[in-house]
Amino acid sequence: CALPPLWIQGRDKMAQQSRIQYLCVGNLEGVIVASENVNPEEQDDEKLAKACSRICKRGLHLKAGENILESKGVKYMAKLSKKIDNFPAVFICVTKSESLSPKLVLRDFVSLFWKTVTSESDFTSAQESSLTRKCQPVFKEVLKKHGRDKVAETNAKLKVIKNQMAQNVEQQLDNMENLEMTEQKANDLDEDAKKFKDTSISLKWKMCWQNAKWTIILVTTIVVILAVIITIAVCMTDPAACKSSDDNGDNNN
């Protein structure tokens, strides 16, 4: 059983959603010398190692190039490498993805592995999982390059952008509707203000006319009262003058 890689402890959600489930290198004896379980919380490491070990033991029966073995919807992409004479290595990538290219993944996996394990003795003398720690950069680079489904990520980003644009358009429409309502309210207020102004002017003139009318009535009344008072006062002080005034009036008649 492979030792859990150190770098996986700090992986993020993107790594957990990788198209690659398992990577390993083994020899024809079925010994898995290096392995990487991308998501150990959801995948049985021991079960995957045993399945890959059986494939390694069948290494000489694998055809040249890339081999794809399927079991219950899981693909085991395997490639036999004869870089070391009389000691072939079997490289295996386990995936459920339909979009992953076995040729590209295994080509890079094999190339990076032999660049890291440069000594033939390191591989020929390797025991179970003895090269796992040393191959961490290899696994990391393969997962970084091929683990992400770039098409799905691009579609997801486009979907987010599309939703954001739809929200922006909806927000703009709402803003336009609110602006129209605000403009309508402003027009209504302006119309009400004009009506209020006209009503105020009319009411002002009406009140001024009423004040003038009452002023005229009051002045007239005062004048009449004063005339009566003056007449009475003159008659009381000089009755002959009042009588003479009355006589003149009768003669005129």
# chains A, B, ... in the order shown; residues from 1 in each chain; ligands from 1
>>> residues_around(residues="Pro102 of chain A", least_positions_apart="5", cutoff="12 Å", atoms="only C-alpha atoms", output="JSON, numbers by chain")
{"A": [19, 20, 65, 66, 67, 68, 69, 75, 76, 77, 78, 79, 91, 92, 93, 94, 95, 96, 97, 107, 108, 109, 110, 146, 147]}
>>> write_last_selection(atoms="N, CA, C and O atoms", output="tab-separated table (two decimals), in the first residue's frame")
chain	number	residue	atom	x	y	z
A	19	ARG	N	-9.40	15.07	-12.86
A	19	ARG	CA	-9.83	13.99	-13.73
A	19	ARG	C	-9.03	12.71	-13.47
A	19	ARG	O	-9.47	11.62	-13.82
A	20	ILE	N	-7.87	12.86	-12.90
A	20	ILE	CA	-7.02	11.71	-12.59
A	20	ILE	C	-7.28	11.25	-11.16
A	20	ILE	O	-7.26	12.04	-10.23
A	65	GLY	N	2.68	1.05	-26.98
A	65	GLY	CA	1.92	2.29	-26.87
A	65	GLY	C	1.03	2.28	-25.63
A	65	GLY	O	1.38	1.73	-24.59
A	66	GLU	N	-0.15	2.88	-25.75
A	66	GLU	CA	-1.05	3.03	-24.61
A	66	GLU	C	-2.11	1.93	-24.60
A	66	GLU	O	-2.63	1.55	-25.64
A	67	ASN	N	-2.40	1.44	-23.42
A	67	ASN	CA	-3.42	0.41	-23.23
A	67	ASN	C	-4.51	0.96	-22.32
A	67	ASN	O	-4.21	1.62	-21.32
A	68	ILE	N	-5.77	0.68	-22.65
A	68	ILE	CA	-6.88	1.12	-21.81
A	68	ILE	C	-7.67	-0.10	-21.37
A	68	ILE	O	-8.26	-0.81	-22.19
A	69	LEU	N	-7.66	-0.35	-20.08
A	69	LEU	CA	-8.41	-1.45	-19.48
A	69	LEU	C	-9.53	-0.84	-18.65
A	69	LEU	O	-9.29	0.06	-17.84
A	75	LYS	N	-11.28	3.56	-15.87
A	75	LYS	CA	-10.29	3.27	-16.91
A	75	LYS	C	-8.91	3.17	-16.29
A	75	LYS	O	-8.49	4.05	-15.54
A	76	TYR	N	-8.21	2.10	-16.65
A	76	TYR	CA	-6.82	1.93	-16.25
A	76	TYR	C	-5.98	2.11	-17.52
A	76	TYR	O	-5.92	1.22	-18.37
A	77	MET	N	-5.37	3.29	-17.64
A	77	MET	CA	-4.54	3.57	-18.82
A	77	MET	C	-3.10	3.18	-18.48
A	77	MET	O	-2.50	3.74	-17.55
A	78	ALA	N	-2.56	2.21	-19.21
A	78	ALA	CA	-1.24	1.65	-18.88
A	78	ALA	C	-0.29	1.74	-20.06
A	78	ALA	O	-0.71	1.67	-21.22
A	79	LYS	N	0.98	1.88	-19.74
A	79	LYS	CA	2.01	1.91	-20.77
A	79	LYS	C	3.26	1.21	-20.25
A	79	LYS	O	3.70	1.45	-19.13
A	91	PHE	N	3.63	2.02	-16.28
A	91	PHE	CA	3.06	3.29	-15.82
A	91	PHE	C	1.54	3.22	-15.98
A	91	PHE	O	1.04	2.89	-17.07
A	92	ILE	N	0.81	3.57	-14.91
A	92	ILE	CA	-0.64	3.44	-14.93
A	92	ILE	C	-1.29	4.74	-14.44
A	92	ILE	O	-0.87	5.31	-13.43
A	93	CYS	N	-2.31	5.14	-15.17
A	93	CYS	CA	-3.14	6.31	-14.78
A	93	CYS	C	-4.58	5.82	-14.71
A	93	CYS	O	-5.12	5.29	-15.68
A	94	VAL	N	-5.21	6.03	-13.56
A	94	VAL	CA	-6.60	5.60	-13.35
A	94	VAL	C	-7.51	6.82	-13.42
A	94	VAL	O	-7.24	7.84	-12.78
A	95	THR	N	-8.57	6.69	-14.21
A	95	THR	CA	-9.47	7.82	-14.39
A	95	THR	C	-10.88	7.34	-14.73
A	95	THR	O	-11.07	6.22	-15.18
A	96	LYS	N	-11.85	8.24	-14.51
A	96	LYS	CA	-13.22	8.00	-14.96
A	96	LYS	C	-13.60	8.98	-16.07
A	96	LYS	O	-14.71	8.93	-16.58
A	97	SER	N	-12.67	9.86	-16.40
A	97	SER	CA	-12.95	10.90	-17.38
A	97	SER	C	-12.91	10.35	-18.80
A	97	SER	O	-12.08	9.52	-19.13
A	107	ARG	N	2.64	9.77	-21.84
A	107	ARG	CA	3.91	10.28	-22.40
A	107	ARG	C	4.62	11.19	-21.41
A	107	ARG	O	5.82	11.04	-21.14
A	108	ASP	N	3.86	12.14	-20.83
A	108	ASP	CA	4.46	13.07	-19.86
A	108	ASP	C	4.83	12.34	-18.57
A	108	ASP	O	5.86	12.66	-17.95
A	109	PHE	N	3.98	11.41	-18.14
A	109	PHE	CA	4.25	10.65	-16.92
A	109	PHE	C	5.56	9.88	-17.03
A	109	PHE	O	6.43	9.95	-16.15
A	110	VAL	N	5.75	9.17	-18.13
A	110	VAL	CA	6.97	8.38	-18.35
A	110	VAL	C	8.19	9.30	-18.43
A	110	VAL	O	9.23	9.04	-17.79
A	146	HIS	N	-2.54	17.72	-16.49
A	146	HIS	CA	-3.61	16.93	-17.08
A	146	HIS	C	-4.81	16.69	-16.17
A	146	HIS	O	-5.85	16.23	-16.63
A	147	GLY	N	-4.67	16.98	-14.89
A	147	GLY	CA	-5.75	16.69	-13.95
A	147	GLY	C	-6.95	17.59	-14.12
A	147	GLY	O	-8.09	17.18	-13.94
>>> residues_around(residues="Cys135 of chain A", least_positions_apart="3", cutoff="12 Å", atoms="only C-alpha atoms", output="VMD selection string")
chain A and resid 3 5 to 7 23 to 25 33 to 36 109 to 110 112 to 118 122 to 123 129 to 132 138 to 142
>>> atom_distance(atom1="atom CA of Pro40 of chain A", atom2="atom CA of Tyr22 of chain A")
9.4 Å
>>> closest_residue(among="A:Asp192, A:Leu48, A:Asn37, A:Asp85", to="Gln136 of chain A", atoms="only C-alpha atoms")
A:Asn37
>>> closest_residue(among="A:Met236, A:Ser119, A:Ile217, A:Asp174", to="Lys83 of chain A", atoms="only C-alpha atoms")
A:Ser119
>>> atom_distance(atom1="atom CA of Lys63 of chain A", atom2="atom CA of Ala51 of chain A")
18.3 Å
>>> closest_residue(among="A:Thr124, A:Asn163, A:Ser101, A:Gln21", to="Ala49 of chain A", atoms="only C-alpha atoms")
A:Gln21
>>> select_by_dssp(residues="segment 44-79 of chain A", states="helix (DSSP H, G or I)", output="number ranges by chain")
A: 45-57, 59-61
>>> atom_distance(atom1="atom CA of Ala89 of chain A", atom2="atom CA of Val105 of chain A")
15.8 Å
>>> decode(residues="segment 56-94 of chain A", atoms="N, CA and C atoms", output="PDB file, in the first residue's frame")
ATOM      1  N   CYS A  56       0.408  -4.710 -13.681  1.00  0.00           N
ATOM      2  CA  CYS A  56       1.873  -4.722 -13.819  1.00  0.00           C
ATOM      3  C   CYS A  56       2.388  -6.142 -14.092  1.00  0.00           C
ATOM      4  N   LYS A  57       1.794  -7.120 -13.450  1.00  0.00           N
ATOM      5  CA  LYS A  57       2.238  -8.501 -13.652  1.00  0.00           C
ATOM      6  C   LYS A  57       1.948  -8.970 -15.075  1.00  0.00           C
ATOM      7  N   ARG A  58       0.984  -8.327 -15.721  1.00  0.00           N
ATOM      8  CA  ARG A  58       0.668  -8.659 -17.109  1.00  0.00           C
ATOM      9  C   ARG A  58       1.420  -7.755 -18.072  1.00  0.00           C
ATOM     10  N   GLY A  59       2.433  -7.065 -17.577  1.00  0.00           N
ATOM     11  CA  GLY A  59       3.121  -6.039 -18.351  1.00  0.00           C
ATOM     12  C   GLY A  59       3.606  -6.482 -19.713  1.00  0.00           C
ATOM     13  N   LEU A  60       4.187  -7.688 -19.810  1.00  0.00           N
ATOM     14  CA  LEU A  60       4.735  -8.154 -21.082  1.00  0.00           C
ATOM     15  C   LEU A  60       3.645  -8.444 -22.104  1.00  0.00           C
ATOM     16  N   HIS A  61       2.410  -8.586 -21.642  1.00  0.00           N
ATOM     17  CA  HIS A  61       1.311  -8.859 -22.554  1.00  0.00           C
ATOM     18  C   HIS A  61       0.632  -7.576 -23.038  1.00  0.00           C
ATOM     19  N   LEU A  62       1.084  -6.439 -22.493  1.00  0.00           N
ATOM     20  CA  LEU A  62       0.518  -5.175 -22.943  1.00  0.00           C
ATOM     21  C   LEU A  62       1.036  -4.849 -24.339  1.00  0.00           C
ATOM     22  N   LYS A  63       0.186  -4.296 -25.151  1.00  0.00           N
ATOM     23  CA  LYS A  63       0.595  -3.928 -26.504  1.00  0.00           C
ATOM     24  C   LYS A  63       1.462  -2.668 -26.450  1.00  0.00           C
ATOM     25  N   ALA A  64       2.173  -2.446 -27.534  1.00  0.00           N
ATOM     26  CA  ALA A  64       3.026  -1.258 -27.603  1.00  0.00           C
ATOM     27  C   ALA A  64       2.157  -0.005 -27.576  1.00  0.00           C
ATOM     28  N   GLY A  65       2.683   1.048 -26.977  1.00  0.00           N
ATOM     29  CA  GLY A  65       1.917   2.286 -26.865  1.00  0.00           C
ATOM     30  C   GLY A  65       1.030   2.282 -25.635  1.00  0.00           C
ATOM     31  N   GLU A  66      -0.155   2.879 -25.748  1.00  0.00           N
ATOM     32  CA  GLU A  66      -1.047   3.033 -24.607  1.00  0.00           C
ATOM     33  C   GLU A  66      -2.106   1.933 -24.603  1.00  0.00           C
ATOM     34  N   ASN A  67      -2.401   1.441 -23.417  1.00  0.00           N
ATOM     35  CA  ASN A  67      -3.424   0.414 -23.232  1.00  0.00           C
ATOM     36  C   ASN A  67      -4.506   0.957 -22.324  1.00  0.00           C
ATOM     37  N   ILE A  68      -5.766   0.676 -22.655  1.00  0.00           N
ATOM     38  CA  ILE A  68      -6.879   1.119 -21.814  1.00  0.00           C
ATOM     39  C   ILE A  68      -7.669  -0.097 -21.369  1.00  0.00           C
ATOM     40  N   LEU A  69      -7.655  -0.351 -20.077  1.00  0.00           N
ATOM     41  CA  LEU A  69      -8.409  -1.450 -19.483  1.00  0.00           C
ATOM     42  C   LEU A  69      -9.531  -0.842 -18.652  1.00  0.00           C
ATOM     43  N   GLU A  70     -10.733  -1.328 -18.825  1.00  0.00           N
ATOM     44  CA  GLU A  70     -11.881  -0.766 -18.123  1.00  0.00           C
ATOM     45  C   GLU A  70     -12.496  -1.784 -17.178  1.00  0.00           C
ATOM     46  N   SER A  71     -12.933  -1.267 -16.020  1.00  0.00           N
ATOM     47  CA  SER A  71     -13.613  -2.106 -15.035  1.00  0.00           C
ATOM     48  C   SER A  71     -14.599  -1.261 -14.255  1.00  0.00           C
ATOM     49  N   LYS A  72     -15.895  -1.546 -14.418  1.00  0.00           N
ATOM     50  CA  LYS A  72     -16.957  -0.855 -13.693  1.00  0.00           C
ATOM     51  C   LYS A  72     -16.892   0.664 -13.872  1.00  0.00           C
ATOM     52  N   GLY A  73     -16.680   1.091 -15.107  1.00  0.00           N
ATOM     53  CA  GLY A  73     -16.660   2.511 -15.408  1.00  0.00           C
ATOM     54  C   GLY A  73     -15.352   3.208 -15.107  1.00  0.00           C
ATOM     55  N   VAL A  74     -14.358   2.450 -14.617  1.00  0.00           N
ATOM     56  CA  VAL A  74     -13.054   3.023 -14.301  1.00  0.00           C
ATOM     57  C   VAL A  74     -12.064   2.591 -15.374  1.00  0.00           C
ATOM     58  N   LYS A  75     -11.284   3.558 -15.868  1.00  0.00           N
ATOM     59  CA  LYS A  75     -10.294   3.265 -16.908  1.00  0.00           C
ATOM     60  C   LYS A  75      -8.905   3.173 -16.294  1.00  0.00           C
ATOM     61  N   TYR A  76      -8.209   2.104 -16.649  1.00  0.00           N
ATOM     62  CA  TYR A  76      -6.817   1.928 -16.255  1.00  0.00           C
ATOM     63  C   TYR A  76      -5.977   2.106 -17.522  1.00  0.00           C
ATOM     64  N   MET A  77      -5.366   3.295 -17.639  1.00  0.00           N
ATOM     65  CA  MET A  77      -4.535   3.568 -18.817  1.00  0.00           C
ATOM     66  C   MET A  77      -3.102   3.179 -18.480  1.00  0.00           C
ATOM     67  N   ALA A  78      -2.557   2.211 -19.212  1.00  0.00           N
ATOM     68  CA  ALA A  78      -1.245   1.649 -18.878  1.00  0.00           C
ATOM     69  C   ALA A  78      -0.293   1.736 -20.064  1.00  0.00           C
ATOM     70  N   LYS A  79       0.984   1.883 -19.737  1.00  0.00           N
ATOM     71  CA  LYS A  79       2.013   1.909 -20.773  1.00  0.00           C
ATOM     72  C   LYS A  79       3.263   1.211 -20.248  1.00  0.00           C
ATOM     73  N   LEU A  80       3.838   0.346 -21.097  1.00  0.00           N
ATOM     74  CA  LEU A  80       5.056  -0.392 -20.750  1.00  0.00           C
ATOM     75  C   LEU A  80       6.266   0.384 -21.245  1.00  0.00           C
ATOM     76  N   SER A  81       7.202   0.633 -20.329  1.00  0.00           N
ATOM     77  CA  SER A  81       8.433   1.345 -20.678  1.00  0.00           C
ATOM     78  C   SER A  81       9.622   0.403 -20.511  1.00  0.00           C
ATOM     79  N   LYS A  82      10.430   0.288 -21.568  1.00  0.00           N
ATOM     80  CA  LYS A  82      11.602  -0.603 -21.532  1.00  0.00           C
ATOM     81  C   LYS A  82      12.893   0.205 -21.546  1.00  0.00           C
ATOM     82  N   LYS A  83      12.861   1.301 -20.820  1.00  0.00           N
ATOM     83  CA  LYS A  83      14.053   2.148 -20.767  1.00  0.00           C
ATOM     84  C   LYS A  83      15.230   1.393 -20.154  1.00  0.00           C
ATOM     85  N   ILE A  84      14.932   0.579 -19.144  1.00  0.00           N
ATOM     86  CA  ILE A  84      15.980  -0.238 -18.512  1.00  0.00           C
ATOM     87  C   ILE A  84      15.888  -1.647 -19.106  1.00  0.00           C
ATOM     88  N   ASP A  85      16.982  -2.127 -19.684  1.00  0.00           N
ATOM     89  CA  ASP A  85      16.988  -3.453 -20.308  1.00  0.00           C
ATOM     90  C   ASP A  85      16.697  -4.534 -19.277  1.00  0.00           C
ATOM     91  N   ASN A  86      15.841  -5.456 -19.691  1.00  0.00           N
ATOM     92  CA  ASN A  86      15.487  -6.622 -18.867  1.00  0.00           C
ATOM     93  C   ASN A  86      14.777  -6.247 -17.557  1.00  0.00           C
ATOM     94  N   PHE A  87      14.350  -4.970 -17.441  1.00  0.00           N
ATOM     95  CA  PHE A  87      13.625  -4.563 -16.226  1.00  0.00           C
ATOM     96  C   PHE A  87      12.594  -3.493 -16.598  1.00  0.00           C
ATOM     97  N   PRO A  88      11.554  -3.890 -17.351  1.00  0.00           N
ATOM     98  CA  PRO A  88      10.549  -2.909 -17.799  1.00  0.00           C
ATOM     99  C   PRO A  88       9.777  -2.309 -16.623  1.00  0.00           C
ATOM    100  N   ALA A  89       9.249  -1.154 -16.870  1.00  0.00           N
ATOM    101  CA  ALA A  89       8.403  -0.460 -15.887  1.00  0.00           C
ATOM    102  C   ALA A  89       7.022  -0.261 -16.504  1.00  0.00           C
ATOM    103  N   VAL A  90       6.022  -0.348 -15.652  1.00  0.00           N
ATOM    104  CA  VAL A  90       4.644  -0.164 -16.105  1.00  0.00           C
ATOM    105  C   VAL A  90       4.088   1.101 -15.453  1.00  0.00           C
ATOM    106  N   PHE A  91       3.631   2.021 -16.283  1.00  0.00           N
ATOM    107  CA  PHE A  91       3.063   3.287 -15.816  1.00  0.00           C
ATOM    108  C   PHE A  91       1.543   3.225 -15.982  1.00  0.00           C
ATOM    109  N   ILE A  92       0.811   3.566 -14.912  1.00  0.00           N
ATOM    110  CA  ILE A  92      -0.644   3.436 -14.935  1.00  0.00           C
ATOM    111  C   ILE A  92      -1.287   4.735 -14.444  1.00  0.00           C
ATOM    112  N   CYS A  93      -2.315   5.144 -15.170  1.00  0.00           N
ATOM    113  CA  CYS A  93      -3.144   6.306 -14.784  1.00  0.00           C
ATOM    114  C   CYS A  93      -4.578   5.825 -14.705  1.00  0.00           C
ATOM    115  N   VAL A  94      -5.212   6.035 -13.558  1.00  0.00           N
ATOM    116  CA  VAL A  94      -6.597   5.598 -13.354  1.00  0.00           C
ATOM    117  C   VAL A  94      -7.505   6.824 -13.424  1.00  0.00           C
TER     118      VAL A  94
END
